[in-house]
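Shown below: input_12.txt, with compact mmCIF, C-alpha atoms.
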# COMPACT_ATOMS: atom_id res chain seq x y z
CA MET A 16 0.00 0.00 0.00
CA PRO A 17 1.61 3.37 -1.02
CA PRO A 18 2.16 5.99 1.70
CA PRO A 19 -0.35 8.78 2.03
CA PRO A 20 0.40 11.67 -0.33
CA ASP A 21 0.84 14.24 2.50
CA LEU A 22 3.62 12.24 4.29
CA LYS A 23 7.20 13.36 3.51
CA PRO A 24 10.20 11.02 3.87
CA LEU A 25 12.21 11.58 7.11
CA PRO A 26 15.56 13.46 6.78
CA LEU A 27 18.87 11.67 7.36
CA MET A 28 19.33 13.49 10.71
CA PRO A 29 16.76 15.54 12.59
CA THR A 30 17.18 19.29 12.77
CA GLY A 31 17.60 19.28 16.55
CA ALA A 32 20.47 16.79 16.35
CA ILE A 33 22.20 18.89 13.68
CA VAL A 34 21.93 22.00 15.88
CA ARG A 35 23.32 20.19 18.92
CA LEU A 36 26.15 18.64 16.91
CA GLY A 37 27.13 22.03 15.47
CA ALA A 38 27.10 23.67 18.90
CA ALA A 39 29.23 20.89 20.36
CA ALA A 40 31.74 21.15 17.49
CA MET A 41 32.01 24.94 17.93
CA LEU A 42 32.55 24.53 21.66
CA ALA A 43 35.27 21.89 21.14
CA ALA A 44 37.04 24.10 18.57
CA ALA A 45 36.94 27.10 20.93
CA MET A 46 38.37 25.05 23.81
CA LEU A 47 41.15 23.68 21.59
CA TYR A 48 42.06 27.19 20.45
CA LEU A 49 42.18 28.49 24.02
CA ALA A 50 44.36 25.59 25.14
CA VAL A 51 46.88 25.67 22.30
CA PHE A 52 46.94 28.96 20.40
CA TRP A 53 45.54 31.72 22.63
CA ASN A 54 48.42 33.69 24.12
CA PRO A 55 47.43 37.25 24.99
CA VAL A 56 50.38 39.61 25.18
CA VAL A 57 50.46 42.50 27.61
CA ALA A 58 51.70 45.66 25.90
CA ILE A 59 55.27 46.52 26.94
CA ASP A 60 55.34 49.62 29.12
CA GLU A 61 58.79 51.04 28.38
CA GLY A 62 58.35 53.53 31.20
CA ASN A 63 58.90 50.73 33.71
CA LEU A 64 62.25 49.77 32.18
CA ALA A 65 65.56 51.03 33.51
CA ASP A 66 66.93 54.19 31.98
CA PRO A 67 69.07 53.13 28.99
CA GLU A 68 72.76 53.89 28.90
CA PRO A 69 74.06 56.34 26.27
CA THR A 70 75.04 54.62 23.04
CA LEU A 71 77.37 57.26 21.55
CA VAL A 72 81.03 56.30 22.01
CA ALA A 73 84.02 58.49 21.16
CA VAL A 74 86.98 56.61 19.67
CA PRO A 75 90.47 58.00 19.02
CA ASP A 76 91.54 58.84 15.50
CA ILE A 77 94.69 56.85 14.75
CA ASP A 78 96.95 58.18 12.00
CA ALA A 79 97.82 55.10 9.95
CA SER A 80 100.42 56.95 7.91
CA LEU A 81 102.26 57.92 11.10
CA LEU A 82 102.30 54.30 12.28
CA GLN A 83 104.04 53.32 9.06
CA GLN A 84 107.18 54.91 10.49
CA ALA A 85 107.44 51.92 12.86
CA LYS A 86 109.83 49.44 11.24
CA ASP A 87 110.42 45.84 12.35
CA ALA A 88 111.62 43.94 9.28
CA THR A 89 115.19 43.46 10.57
CA ARG A 90 116.74 42.88 13.94
CA GLU A 91 118.34 46.36 13.92
CA GLN A 92 114.92 47.95 13.35
CA ARG A 93 113.37 45.85 16.12
CA LEU A 94 116.01 46.98 18.65
CA PHE A 95 114.77 50.58 18.57
CA ILE A 96 111.42 52.32 19.09
CA GLU A 97 110.39 55.18 16.81
CA SER A 98 109.39 58.11 19.04
CA GLU A 99 106.65 59.70 16.91
CA PRO A 100 104.42 56.56 16.52
CA LEU A 101 104.95 55.77 20.22
CA SER A 102 103.96 59.28 21.33
CA HIS A 103 100.94 59.21 19.02
CA LEU A 104 99.63 55.97 20.53
CA LEU A 105 100.42 57.02 24.12
CA ALA A 106 98.34 60.17 23.73
CA ASN A 107 95.40 58.54 21.97
CA SER A 108 95.18 55.48 24.23
CA LEU A 109 94.40 57.65 27.28
CA ASN A 110 90.78 58.11 26.17
CA VAL A 111 89.96 54.49 25.27
CA SER A 112 87.11 53.32 27.52
CA PRO A 113 85.80 49.73 27.55
CA GLU A 114 83.01 50.84 25.19
CA ALA A 115 85.53 52.51 22.91
CA ALA A 116 87.68 49.37 22.92
CA ARG A 117 84.62 47.41 21.82
CA ALA A 118 83.93 49.99 19.10
CA LEU A 119 87.55 49.73 17.95
CA GLY A 120 86.99 46.03 17.29
CA MET A 121 89.03 44.51 20.10
CA PRO A 122 88.85 40.71 19.62
CA PRO A 123 87.01 38.85 22.42
CA GLN A 124 89.97 36.45 22.81
CA MET A 125 93.71 36.92 22.86
CA VAL A 126 95.16 36.96 19.34
CA PRO A 127 97.78 34.21 18.82
CA LEU A 128 101.23 35.79 18.87
CA GLU A 129 102.19 33.92 15.73
CA ALA A 130 99.45 35.77 13.87
CA LEU A 131 100.97 39.09 14.92
CA ARG A 132 104.49 38.02 13.97
CA THR A 133 103.37 36.75 10.56
CA HIS A 134 101.04 39.63 9.65
CA ILE A 135 102.31 42.53 11.73
CA ASP A 136 101.43 45.11 9.06
CA GLU A 137 97.78 44.04 9.20
CA TRP A 138 97.66 44.20 13.02
CA ARG A 139 99.63 47.45 13.45
CA GLY A 140 97.32 50.02 15.05
CA ARG A 141 94.71 47.40 16.04
CA TYR A 142 93.44 47.34 19.64
CA VAL A 143 94.04 43.97 21.40
CA PHE A 144 94.60 42.58 24.90
CA TYR A 145 96.75 39.97 26.64
CA ARG A 146 96.66 38.47 30.15
CA GLY A 147 99.59 37.07 32.07
CA LYS A 148 101.97 37.40 35.00
CA VAL A 149 104.03 40.54 35.41
CA GLU A 150 107.67 39.65 34.86
CA GLU A 151 109.17 43.13 34.54
CA LEU A 152 107.78 46.50 35.64
CA ASN A 153 109.64 49.78 35.20
CA GLY A 154 108.91 53.53 35.28
CA PRO A 155 107.91 56.18 35.20
CA ARG A 156 110.36 57.91 32.92
CA LEU A 157 110.14 61.25 31.18
CA GLY A 158 109.10 61.84 27.60
CA HIS A 159 105.30 61.41 27.66
CA PRO A 160 103.56 63.64 25.07
CA VAL A 161 100.79 64.63 27.54
CA PRO A 162 101.87 66.72 30.57
CA GLY A 163 101.34 65.03 33.92
CA TYR A 164 101.91 61.49 32.68
CA GLY A 165 104.97 59.27 32.66
CA ILE A 166 106.05 56.34 30.54
CA TYR A 167 105.85 52.89 32.17
CA GLU A 168 107.06 49.61 30.70
CA ALA A 169 106.12 46.04 31.59
CA THR A 170 106.71 42.51 30.39
CA LEU A 171 103.88 39.98 30.68
CA ARG A 172 104.52 36.25 30.59
CA LEU A 173 101.54 34.46 29.09
CA ALA A 174 100.24 31.05 30.12
CA ASP A 175 101.94 29.30 27.18
CA GLY A 176 105.35 30.73 28.14
CA SER A 177 105.46 33.44 25.48
CA ALA A 178 105.76 37.12 26.35
CA ILE A 179 104.54 40.55 25.24
CA LEU A 180 105.89 44.06 25.93
CA PHE A 181 103.57 46.81 27.15
CA THR A 182 104.21 50.56 27.32
CA PHE A 183 101.58 52.62 29.17
CA SER A 184 100.89 56.03 30.69
CA GLN A 185 99.21 55.69 34.10
CA ALA A 186 100.72 54.21 37.23
CA PRO A 187 99.49 50.65 37.83
CA ALA A 188 97.22 49.89 40.77
CA ALA A 189 98.76 48.80 44.07
CA ALA A 190 97.76 45.19 43.42
CA VAL A 191 99.73 45.13 40.15
CA ARG A 192 103.33 44.20 40.91
CA ILE A 193 105.95 41.75 39.74
CA GLY A 194 104.56 38.22 40.04
CA SER A 195 100.90 39.31 40.02
CA PHE A 196 98.38 38.63 37.27
CA ALA A 197 97.58 41.60 35.02
CA ARG A 198 95.91 42.60 31.77
CA ALA A 199 97.42 44.76 29.03
CA GLU A 200 95.05 46.46 26.57
CA GLY A 201 96.45 48.64 23.85
CA PHE A 202 97.35 49.34 20.24
CA VAL A 203 99.83 47.08 18.46
CA LEU A 204 102.88 49.16 17.54
CA LYS A 205 105.60 46.81 16.29
CA LEU A 206 107.71 43.72 16.91
CA ARG A 207 110.71 44.16 19.16
CA ASP A 208 113.98 42.37 19.97
CA VAL A 209 115.28 42.77 23.52
CA ALA A 210 118.71 41.69 24.77
CA TYR A 211 118.40 42.72 28.46
CA PRO A 212 117.44 41.57 31.06
CA VAL A 213 115.95 38.60 29.19
CA GLU A 214 116.65 38.07 25.53
CA MET A 215 113.48 38.10 23.41
CA SER A 216 112.97 38.05 19.67
CA LYS A 217 110.05 39.34 17.60
CA THR A 218 108.02 40.16 20.71
CA PRO A 219 104.86 42.25 20.09
CA LEU A 220 104.84 45.71 21.68
CA LEU A 221 101.48 47.14 22.80
CA VAL A 222 100.82 50.76 23.79
CA GLY A 223 97.95 51.51 26.15
CA ALA A 224 96.72 53.60 29.06
CA GLN A 225 97.27 51.40 32.12
CA LEU A 226 98.31 47.93 33.20
CA ARG A 227 95.17 46.62 34.92
CA GLU A 228 94.71 44.05 37.64
CA ASP A 229 93.50 40.67 36.43
CA TYR A 230 92.96 37.19 37.85
CA GLU A 231 94.07 33.70 37.05
CA ASP A 232 91.37 31.55 35.51
CA TRP A 233 89.22 29.52 37.88
CA GLY A 234 88.50 26.79 35.41
CA PRO A 235 84.99 25.32 35.09
CA VAL A 236 82.67 26.08 38.03
CA THR A 237 80.38 23.08 38.57
CA GLN A 238 79.38 23.55 42.23
CA LEU A 239 77.79 26.54 43.95
CA ASP A 240 79.63 28.02 46.91
CA SER A 241 77.06 29.48 49.31
CA SER A 242 79.72 31.42 51.22
CA THR A 243 80.64 33.28 48.02
CA LEU A 244 77.01 34.17 47.29
CA ASP A 245 76.50 35.28 50.90
CA MET A 246 78.95 38.13 50.27
CA VAL A 247 76.04 40.00 48.64
CA ILE A 248 74.29 42.40 51.04
CA ASP A 249 71.32 43.79 49.09
CA VAL A 250 68.76 44.36 51.90
CA GLN A 251 68.80 45.52 55.49
CA ARG A 252 66.13 45.05 58.12
CA GLU A 253 64.71 48.00 60.00
CA ASP A 254 62.38 46.68 62.69
CA ASP A 255 59.97 44.53 60.63
CA ARG A 256 60.62 46.30 57.35
CA LEU A 257 63.11 45.37 54.60
CA THR A 258 64.88 48.17 52.75
CA SER A 259 67.30 48.04 49.85
CA THR A 260 70.97 48.74 50.45
CA GLU A 261 73.33 50.73 48.26
CA GLU A 262 74.64 47.48 46.79
CA SER A 263 71.22 46.70 45.33
CA TRP A 264 71.53 49.81 43.12
CA ARG A 265 74.64 48.55 41.31
CA THR A 266 74.14 48.13 37.58
CA ILE A 267 75.79 45.44 35.50
CA ASP A 268 78.53 47.95 34.64
CA GLN A 269 79.31 48.49 38.34
CA ASP A 270 78.62 45.15 40.00
CA GLN A 271 81.63 43.18 38.78
CA SER A 272 82.05 41.12 41.95
CA ARG A 273 83.24 37.67 42.93
CA ALA A 274 79.67 36.54 43.72
CA LEU A 275 78.41 37.52 40.25
CA TRP A 276 81.36 35.86 38.51
CA HIS A 277 80.82 32.67 40.51
CA LEU A 278 77.08 32.38 39.82
CA ALA A 279 77.47 33.28 36.12
CA ALA A 280 80.29 30.74 35.69
CA PHE A 281 78.15 28.08 37.39
CA ALA A 282 75.18 28.82 35.11
CA ARG A 283 77.51 28.51 32.12
CA ASP A 284 79.71 25.55 33.17
CA ALA A 285 77.48 23.27 35.25
CA ALA A 286 76.21 20.08 33.65
CA PRO A 287 72.98 20.90 31.80
CA ARG A 288 69.86 19.77 33.60
CA PRO A 289 67.30 17.70 31.69
CA LYS A 290 64.26 19.62 30.57
CA GLU A 291 62.05 17.48 32.81
CA GLU A 292 64.11 18.51 35.84
CA TRP A 293 63.89 22.19 34.93
CA ARG A 294 60.14 21.88 34.50
CA ARG A 295 59.95 20.87 38.18
CA ALA A 296 61.69 24.10 39.19
CA PRO A 297 59.32 26.87 40.36
CA ALA A 298 58.30 29.39 37.72
CA LEU A 299 58.04 33.11 38.34
CA ASN A 300 54.37 33.13 37.47
CA ALA A 301 52.84 32.31 40.85
CA GLN A 302 52.02 34.83 43.55
CA GLU A 303 53.53 32.50 46.14
CA VAL A 304 57.01 32.69 44.55
CA TRP A 305 56.76 36.46 44.25
CA ASP A 306 55.78 36.80 47.92
CA HIS A 307 58.81 34.74 48.98
CA LEU A 308 61.04 37.05 46.93
CA LYS A 309 59.46 40.12 48.54
CA ARG A 310 60.15 38.74 52.00
CA ASN A 311 63.77 37.88 51.04
CA GLU A 312 63.14 34.19 51.73
CA VAL A 313 64.61 32.78 48.50
CA VAL A 314 68.15 31.41 48.80
CA ARG A 315 70.66 32.85 46.35
CA GLY A 316 71.38 30.42 43.55
CA THR A 317 67.87 28.90 43.62
CA ALA A 318 66.82 27.64 40.18
CA ILE A 319 63.75 29.51 38.91
CA ARG A 320 62.18 29.48 35.45
CA LEU A 321 61.21 32.76 33.82
CA LEU A 322 58.41 32.67 31.24
CA GLY A 323 57.87 35.85 29.31
CA THR A 324 58.73 38.10 26.39
CA LEU A 325 62.04 39.81 25.66
CA ALA A 326 61.48 43.55 26.14
CA ALA A 327 65.01 45.03 26.05
CA VAL A 328 68.60 43.82 25.68
CA ARG A 329 72.11 45.33 25.64
CA THR A 330 75.66 43.95 25.67
CA ILE A 331 78.74 45.46 27.34
CA THR A 332 82.41 44.55 27.57
CA ALA A 333 83.30 42.64 30.72
CA GLN A 334 85.88 43.88 33.19
CA PRO A 335 88.80 41.55 34.05
CA ASN A 336 87.54 38.50 35.91
CA PRO A 337 88.69 34.96 36.78
CA ALA A 338 85.70 33.32 35.08
CA GLY A 339 86.91 34.06 31.55
CA ILE A 340 83.84 36.22 30.78
CA THR A 341 84.58 38.72 28.03
CA GLU A 342 81.09 40.21 27.54
CA TRP A 343 77.90 40.66 29.55
CA THR A 344 74.32 40.82 28.30
CA GLU A 345 71.58 42.54 30.27
CA ALA A 346 68.11 41.38 29.22
CA TRP A 347 64.75 42.59 30.50
CA MET A 348 61.84 40.14 30.30
CA GLN A 349 58.17 40.98 30.51
CA VAL A 350 56.37 38.35 32.60
CA ARG A 351 52.72 38.26 31.58
CA ASP A 352 51.61 36.25 34.60
CA LEU A 353 52.87 39.06 36.87
CA GLY A 354 50.77 41.64 35.09
CA GLY A 355 53.46 42.57 32.59
CA LYS A 356 56.18 43.31 35.16
CA THR A 357 59.71 43.49 33.70
CA ILE A 358 62.44 41.30 35.23
CA PRO A 359 66.22 41.72 34.60
CA VAL A 360 68.49 38.80 33.69
CA TRP A 361 72.29 39.02 33.44
CA LEU A 362 74.07 36.59 31.13
CA PRO A 363 77.79 35.89 30.57
CA GLY A 364 78.47 36.43 26.89
CA ALA A 365 76.91 38.24 23.95
CA ILE A 366 73.35 36.91 23.55
CA ARG A 367 71.34 37.67 20.42
CA GLN A 368 67.55 37.39 20.41
CA PRO A 369 64.96 39.58 18.64
CA LEU A 370 62.78 41.76 20.84
CA GLY A 371 59.35 40.25 21.41
CA THR A 372 60.62 36.64 21.42
CA SER A 373 58.75 34.33 23.80
CA LEU A 374 61.32 32.94 26.24
CA GLU A 375 61.68 30.22 28.84
CA VAL A 376 64.83 31.26 30.70
CA ARG A 377 66.39 28.72 33.07
CA SER A 378 67.90 31.08 35.60
CA TYR A 379 69.27 31.35 39.12
CA TYR A 380 68.23 33.96 41.66
CA PHE A 381 71.04 36.43 42.43
CA ARG A 382 69.84 39.41 44.43
CA ARG A 383 67.44 42.32 44.75
CA TYR A 384 67.91 45.00 42.09
CA SER A 385 66.86 48.62 42.64
CA TYR A 386 66.63 51.02 39.73
CA GLU A 387 65.04 54.22 38.52
CA THR A 388 62.57 53.95 35.65
CA ARG A 389 62.43 56.21 32.62
CA ARG A 390 59.62 58.10 34.38
CA GLY A 391 61.84 58.76 37.38
CA GLN A 392 60.11 56.23 39.63
CA GLN A 393 62.26 54.14 41.98
CA LEU A 394 61.43 50.41 41.93
CA TRP A 395 62.98 47.12 42.96
CA THR A 396 62.79 43.72 41.30
CA PRO A 397 64.46 40.32 41.69
CA LEU A 398 67.59 39.90 39.58
CA PHE A 399 68.50 36.59 37.93
CA VAL A 400 71.56 35.11 36.23
CA ALA A 401 71.30 32.65 33.34
CA ALA A 402 73.46 31.09 30.67
CA ALA A 403 71.13 31.62 27.70
CA LEU A 404 67.84 33.10 26.53
CA ASP A 405 66.03 29.94 25.48
CA PRO A 406 63.03 30.46 23.17
CA PHE A 407 59.82 28.99 24.52
CA VAL A 408 59.09 25.79 22.60
CA PHE A 409 55.75 24.05 22.98
CA ASP A 410 56.35 20.48 24.14
CA THR A 411 54.71 18.69 21.21
CA GLY A 412 55.27 15.20 22.58
CA ARG A 413 53.74 15.60 25.99
CA GLY A 414 51.34 18.33 24.90
CA LEU A 415 49.93 16.37 21.97
CA LYS A 416 49.43 13.30 24.14
CA GLU A 417 47.41 15.31 26.65
CA ILE A 418 45.46 17.09 23.91
CA SER A 419 44.81 13.79 22.13
CA ALA A 420 43.49 12.22 25.33
CA TYR A 421 41.16 15.14 26.03
CA ALA A 422 40.11 15.34 22.38
CA LEU A 423 39.33 11.60 22.29
CA ALA A 424 37.26 11.82 25.45
CA ALA A 425 35.41 14.87 24.15
CA THR A 426 34.81 13.22 20.77
CA LEU A 427 33.41 10.08 22.38
CA ALA A 428 31.17 12.18 24.61
CA ILE A 429 29.91 14.19 21.65
CA MET A 430 29.30 11.03 19.61
CA ALA A 431 27.41 9.45 22.49
CA LEU A 432 25.36 12.61 22.93
CA VAL A 433 24.60 12.82 19.22
CA TYR A 434 23.71 9.11 19.06
CA TRP A 435 21.41 9.41 22.07
CA GLY A 436 19.79 12.57 20.70
CA THR A 437 19.35 11.07 17.23
CA ARG A 438 17.85 7.86 18.62
CA ARG A 439 15.50 9.80 20.86
CA GLU A 440 14.48 12.09 17.99
CA ARG A 441 13.94 9.08 15.71
CA GLN A 442 11.73 7.38 18.25
CA ARG A 443 9.71 10.55 18.73
CA SER A 444 9.32 10.98 14.97
CA LEU A 445 8.20 7.37 14.54
CA ALA A 446 5.72 7.76 17.37
CA GLN A 447 4.32 10.92 15.81
CA GLU A 448 4.08 9.18 12.43
CA ASP A 449 2.28 6.18 13.94
CA ALA A 450 -0.13 8.47 15.79
CA LEU A 451 -0.83 10.45 12.62
CA ILE A 452 -1.49 7.27 10.61
CA ASP A 453 -3.75 5.95 13.35
CA ARG A 454 -5.77 9.19 13.48
CA ARG A 455 -6.18 9.21 9.70
CA ARG A 456 -7.24 5.56 9.70
CA LYS A 457 -9.85 6.25 12.37
CA ARG A 458 -11.02 9.32 10.48
CA ARG A 459 -11.48 7.28 7.29
CA GLN A 460 -13.31 4.57 9.23
CA LYS A 461 -15.69 7.16 10.67
CA LEU A 462 -16.31 8.67 7.24
CA ALA A 463 -16.90 5.20 5.73
CA ALA A 464 -19.34 4.31 8.55
CA ALA A 465 -21.23 7.56 8.13
CA THR A 466 -21.70 7.07 4.37
CA THR A 467 -23.09 3.54 4.81
CA GLN A 468 -25.82 4.71 7.27
CA PRO A 469 -29.34 4.71 5.71
Can you present the structure in this file as structure tokens?
Amino acid sequence: MPPPPDLKPLPLMPTGAIVRLGAAAMLAAAMLYLAVFWNPVVAIDEGNLADPEPTLVAVPDIDASLLQQAKDATREQRLFIESEPLSHLLANSLNVSPEAARALGMPPQMVPLEALRTHIDEWRGRYVFYRGKVEELNGPRLGHPVPGYGIYEATLRLADGSAILFTFSQAPAAAVRIGSFARAEGFVLKLRDVAYPVEMSKTPLLVGAQLREDYEDWGPVTQLDSSTLDMVIDVQREDDRLTSTEESWRTIDQDQSRALWHLAAFARDAAPRPKEEWRRAPALNAQEVWDHLKRNEVVRGTAIRLLGTLAAVRTITAQPNPAGITEWTEAWMQVRDLGGKTIPVWLPGAIRQPLGTSLEVRSYYFRRYSYETRRGQQLWTPLFVAAALDPFVFDTGRGLKEISAYALAATLAIMALVYWGTRRERQRSLAQEDALIDRRRKRRQKLAAATTQP
């Protein structure tokens, strides 16, 4: 029997089930986006950063043609020093600051002496440095081109047994004496031969401002020394209130101390921790950690992870130190979970990262740092030391496993919900269809009975 003409075939899925399925899919997509991709960034407030250092650096103007008067091709030429090139370099080296030395292209490591002996014409007038023990120290003598200065001479014995000659203008510090460790920074003038008191041949002669105190290398630092870190006095207690000391105001240019060298060398030299171990270290994104730092309850050298965005960075030349650090990088990170607060990190070495990079820095707590913002406001913040600025990398292995588990559970729940809703809707539709057919059958029976009545 054909179906009644006013009955339409049922759709593949009821409208209510389609609406519920679409809503569930939209909800699942929104949750997945929030869990994986949503990362709101707090705008960087540069007014809360420390006042930047001036970037303009004055460098001396070296007359290359004048330096050509220095001759060292023969032994007779190497036995004497030409006065005009020497006076020129003595006068100009007085104004070379660490920033100027960096601008002059001073190599970060000591240049092999054989390179100077082989290509002396290429290195003449270049600014370099050497570290070693003071073997000879003489002066002052007359003849300096600038009034008020004398001419000092020193011989440094390097670690490999070779030697360099150094002529300078300012009296060395009290700690610099024969047998001590020192650093000579200056312009390469020529190769020299010396017959007294120790015979030397083709020895490089440098001309600089001062023979500076230096330290013998520590070697790798793989263990933290708490007594060294306890030398830092950054807070003082007045009744029940903590206040910052003068030491907390030291910038990276000023705070070249044994404690900083030790912690930076440890961050650089210690055996790298597995990522899983670092993930168990507390992160500076919880109010509890911040409160402990405010109360000065965090031990120096404690491992803490910093999660944030790189807001500012600068690199300076390191002062002489026993850790073999030639450059320092000062980075400021914006920590979103602390409301966009900026946190300083000091790193041994020149670190390059674009501003705005998302970072996960594995750092060690050093001390309290007080500074004046660009708006003139005085603030304090915890200061950390790290070996590198590691970009934040989403852990695809562990993260995808967790997301897959949640996605599977959500998919099964949605499928069960859709199946239950579809089955329920189908049963309701069948019941309505049966009721409609029954009513029409009864209506036809009544009409047939009424027409057969006499």
CA of Ile193 (chain A) to CA of Ser216 (chain A), distance in Å rounded to a single decimal:
21.6 Å
Set the distance at 8 Å and use only C-alpha atoms: which residues neighbour Tyr145 (chain A) once local chain neighbours fewer than 6 positions away are removed? I'd like the list as a ChimeraX atom specification.
/A:125,173,179,198-200
Counting only C-alpha atoms, note down every residue that has an atom within 7 Å of the point (63.7, 40.8, 29.9) (file coordinates), as a list in words.
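Final list of nearby residues, as requested, is Thr324, Leu325, Ala326, Ala327, Ala346, Trp347, Met348, Gln349, Thr357, Ile358, Pro359 and Val360 of chain A.
In this model, the gap between CA of Glu261 (chain A) and CA of Leu275 (chain A) comes to 16.3 Å.
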Interatomic distance, CA of Ser378 (chain A) to CA of Ala318 (chain A) (Å, one decimal)
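CA of Ala318 (chain A) lies at a distance of 5.8 Å from CA of Ser378 (chain A).
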With distances taken over all atoms listed in the file, which of A:His307, A:Gly223, A:Phe407, A:Ala338 is nearest to Pro235 (chain A)?
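Answer, going by the shortest atom-to-atom distance: A:Ala338.
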Skipping near chain neighbours, those fewer than 4 positions away, what residues fall within 9 Å of Val247 (chain A) using all atoms listed in the file, listed as a list in words?
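Counting all atoms listed in the file, the residues come to Thr243, Glu262, Ser263, Ala274, Phe381 and Arg382 of chain A.
Among A:Asp449, A:Pro363, A:Leu432, A:Ile135, the residue with the shortest atom-to-atom distance to Ala280 (chain A), counting only C-alpha atoms, is A:Pro363.
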